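The structure appears below as structure tokens.
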Amino acid sequence: PWMSKATREHSRLAALLCRFATQELPGVQFTSIQVNKDYRAALHVDKNNLGPSWIIGLGDYTGGRLWVDDGSRSGSAVDIRRRWFRFDGNRPHCVLPFRGRRYTVVLFTYSHPK
């Protein structure tokens with residue numbers, strides 16, 4: 001295990017986010033937290049993720065749903081604003097257009113490539 005430079009530089013924020021996540025989602029295990037600000041992720045698949053990811057959207061924004069490939073023909077556009085959503089980051093997903101200030105917190109388990 002290692003700690004990123006950003007985590008070392010913002011250790012109090014990292015501790016606060018860990019506390020927030022474990023209070024909101026008791027029993028959920030994760031090794032990593034990613035914080036995004038106004039990031040509109042293009043369609044992608046996460047690399048080296050093990051198991052489910054959890055995401056919540058925070059801030060004053062409209063739109064910004066998380067589109068996930070759920071195996072159906074059209075996928076699903078999920079409103080993550082102020083609520084946690086579990087998804088498989090190993091399946092294609094992206095962020096739909098939004099307006100305003102949008103933060104996301106993503107919890108996931110990193111699997112080191114062999």
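Starting from 1 in every chain, residues are counted up; chains themselves are A, B, ... following the order of the structure tokens, and ligands are numbered from 1 as listed.
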From a DSSP calculation on the backbone, collect every residue of region 3-96 of chain A in alpha helix (DSSP H) and output the set as an MDAnalysis selection string.
chainID A and resid 5:9 11:24
Fewer than 2 positions away in the same chain doesn't count, so skip those; otherwise give me all residues within 12 Å of region 30-35 of chain A, counting only C-alpha atoms, as a PyMOL selection string. chain A and resi 1-4+6-7+10+13-22+25-28+37-39+48-58+102-112
Taking C-alpha atoms for each residue, export the selection above as a short mmCIF file (atom, residue, chain, number, x, y, z; two decimals), in the first residue's frame.
data_model
loop_
_atom_site.label_atom_id
_atom_site.label_comp_id
_atom_site.auth_asym_id
_atom_site.auth_seq_id
_atom_site.Cartn_x
_atom_site.Cartn_y
_atom_site.Cartn_z
CA PRO A 1 0.00 0.00 0.00
CA TRP A 2 1.11 3.52 -0.71
CA MET A 3 -0.21 7.01 -0.27
CA SER A 4 -0.37 9.41 -3.19
CA ALA A 6 -2.21 14.45 -3.17
CA THR A 7 -3.31 12.41 -0.14
CA HIS A 10 -4.38 16.95 1.86
CA LEU A 13 -9.43 16.16 3.63
CA ALA A 14 -8.63 12.49 2.96
CA ALA A 15 -9.50 11.60 6.56
CA LEU A 16 -12.74 13.60 6.34
CA LEU A 17 -13.71 11.85 3.08
CA CYS A 18 -12.99 8.43 4.60
CA ARG A 19 -15.16 9.27 7.60
CA PHE A 20 -17.94 10.60 5.34
CA ALA A 21 -17.85 7.47 3.17
CA THR A 22 -17.85 5.00 6.05
CA LEU A 25 -21.98 3.48 3.39
CA PRO A 26 -21.26 1.25 6.40
CA GLY A 27 -19.51 -1.96 5.44
CA VAL A 28 -18.44 -0.78 1.98
CA LYS A 37 -14.34 19.05 -9.87
CA ASP A 38 -16.36 19.95 -12.97
CA TYR A 39 -15.04 16.88 -14.78
CA ASN A 48 -7.33 -2.04 -12.54
CA ASN A 49 -10.55 -1.73 -10.54
CA LEU A 50 -11.60 -4.67 -8.42
CA GLY A 51 -15.27 -4.99 -7.56
CA PRO A 52 -17.87 -2.23 -7.51
CA SER A 53 -17.30 1.51 -7.43
CA TRP A 54 -19.48 4.00 -5.56
CA ILE A 55 -20.08 7.60 -6.65
CA ILE A 56 -21.94 10.64 -5.33
CA GLY A 57 -22.42 14.03 -6.96
CA LEU A 58 -22.20 17.18 -4.85
CA ARG A 102 -20.19 19.73 -9.91
CA TYR A 103 -18.02 17.66 -7.61
CA THR A 104 -17.98 13.90 -7.47
CA VAL A 105 -16.51 11.53 -4.92
CA VAL A 106 -15.73 8.05 -6.22
CA LEU A 107 -14.81 5.11 -4.01
CA PHE A 108 -13.14 2.09 -5.54
CA THR A 109 -10.72 -0.74 -4.88
CA TYR A 110 -7.49 -0.60 -6.81
CA SER A 111 -6.06 -3.87 -8.06
CA HIS A 112 -2.38 -3.53 -8.84
#
Arg101 (chain A) environment, 6 Å, only C-alpha atoms, sequence neighbours closer than 2 positions dropped, as an mmCIF file with C-alpha atoms, in the first residue's frame:
data_model
loop_
_atom_site.group_PDB
_atom_site.id
_atom_site.type_symbol
_atom_site.label_atom_id
_atom_site.label_comp_id
_atom_site.auth_asym_id
_atom_site.auth_seq_id
_atom_site.Cartn_x
_atom_site.Cartn_y
_atom_site.Cartn_z
ATOM 1 C CA GLY A 59 -22.552 20.868 -5.638
ATOM 2 C CA ASP A 60 -24.972 23.233 -7.307
ATOM 3 C CA TYR A 61 -25.484 21.831 -10.792
#
From CA of Arg99 (chain A) to CA of Asp69 (chain A) the spacing works out at 23.1 Å
Can you measure CA of Val68 (chain A) to CA of His93 (chain A) for me? One decimal in Å is fine.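 The value is 4.4 Å.
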Among chain A, which residues carry a DSSP assignment of strand (DSSP E), reported as JSON, numbers by chain? {"A": [32, 33, 34, 35, 36, 37, 53, 54, 55, 56, 57, 58, 61, 62, 63, 66, 67, 68, 76, 77, 78, 85, 86, 87, 93, 94, 95, 98, 99, 100, 103, 104, 105, 106, 107, 108]}
> Quick one: distance from CA of Arg83 (chain A) to CA of Val95 (chain A) in Å, one decimal?
Replying inline: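 For CA of Arg83 (chain A) relative to CA of Val95 (chain A), the distance reads 15.5 Å.
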Contact residues around Leu66 (chain A) with only C-alpha atoms at 8 Å, ignoring same-chain residues under 6 positions, as a ChimeraX atom specification: /A:76-80,93-96
Generate the output file for the selected residues, N, CA and C atoms, as a PDB file, in the first residue's frame.
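Contents of out37.pdb, as written:
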ATOM      1  N   SER A  76     -28.147   3.179 -18.947  1.00  0.00           N
ATOM      2  CA  SER A  76     -28.925   3.937 -17.964  1.00  0.00           C
ATOM      3  C   SER A  76     -28.224   5.242 -17.635  1.00  0.00           C
ATOM      4  N   ALA A  77     -28.999   6.314 -17.549  1.00  0.00           N
ATOM      5  CA  ALA A  77     -28.490   7.617 -17.112  1.00  0.00           C
ATOM      6  C   ALA A  77     -28.985   7.829 -15.685  1.00  0.00           C
ATOM      7  N   VAL A  78     -28.073   7.807 -14.737  1.00  0.00           N
ATOM      8  CA  VAL A  78     -28.421   7.797 -13.320  1.00  0.00           C
ATOM      9  C   VAL A  78     -28.140   9.158 -12.688  1.00  0.00           C
ATOM     10  N   ASP A  79     -29.133   9.674 -11.983  1.00  0.00           N
ATOM     11  CA  ASP A  79     -28.959  10.925 -11.250  1.00  0.00           C
ATOM     12  C   ASP A  79     -28.209  10.618  -9.959  1.00  0.00           C
ATOM     13  N   ILE A  80     -26.980  11.088  -9.853  1.00  0.00           N
ATOM     14  CA  ILE A  80     -26.146  10.813  -8.680  1.00  0.00           C
ATOM     15  C   ILE A  80     -26.068  12.023  -7.746  1.00  0.00           C
ATOM     16  N   HIS A  93     -18.747   3.689 -19.109  1.00  0.00           N
ATOM     17  CA  HIS A  93     -19.527   4.721 -18.428  1.00  0.00           C
ATOM     18  C   HIS A  93     -18.966   6.097 -18.783  1.00  0.00           C
ATOM     19  N   CYS A  94     -19.802   7.127 -18.604  1.00  0.00           N
ATOM     20  CA  CYS A  94     -19.385   8.500 -18.896  1.00  0.00           C
ATOM     21  C   CYS A  94     -20.297   9.462 -18.147  1.00  0.00           C
ATOM     22  N   VAL A  95     -19.933  10.739 -18.191  1.00  0.00           N
ATOM     23  CA  VAL A  95     -20.730  11.789 -17.555  1.00  0.00           C
ATOM     24  C   VAL A  95     -21.451  12.574 -18.643  1.00  0.00           C
ATOM     25  N   LEU A  96     -22.738  12.755 -18.467  1.00  0.00           N
ATOM     26  CA  LEU A  96     -23.533  13.527 -19.421  1.00  0.00           C
ATOM     27  C   LEU A  96     -23.369  15.025 -19.138  1.00  0.00           C
TER      28      LEU A  96
END
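For Asp46 (chain A), the non-local neighbours within 9 Å, defined as residues at least 3 positions apart in the same chain or in other chains and counting only C-alpha atoms, are Asn49, Asp88, Gly89, Asn90, Arg91, Pro92 and His93 of chain A.
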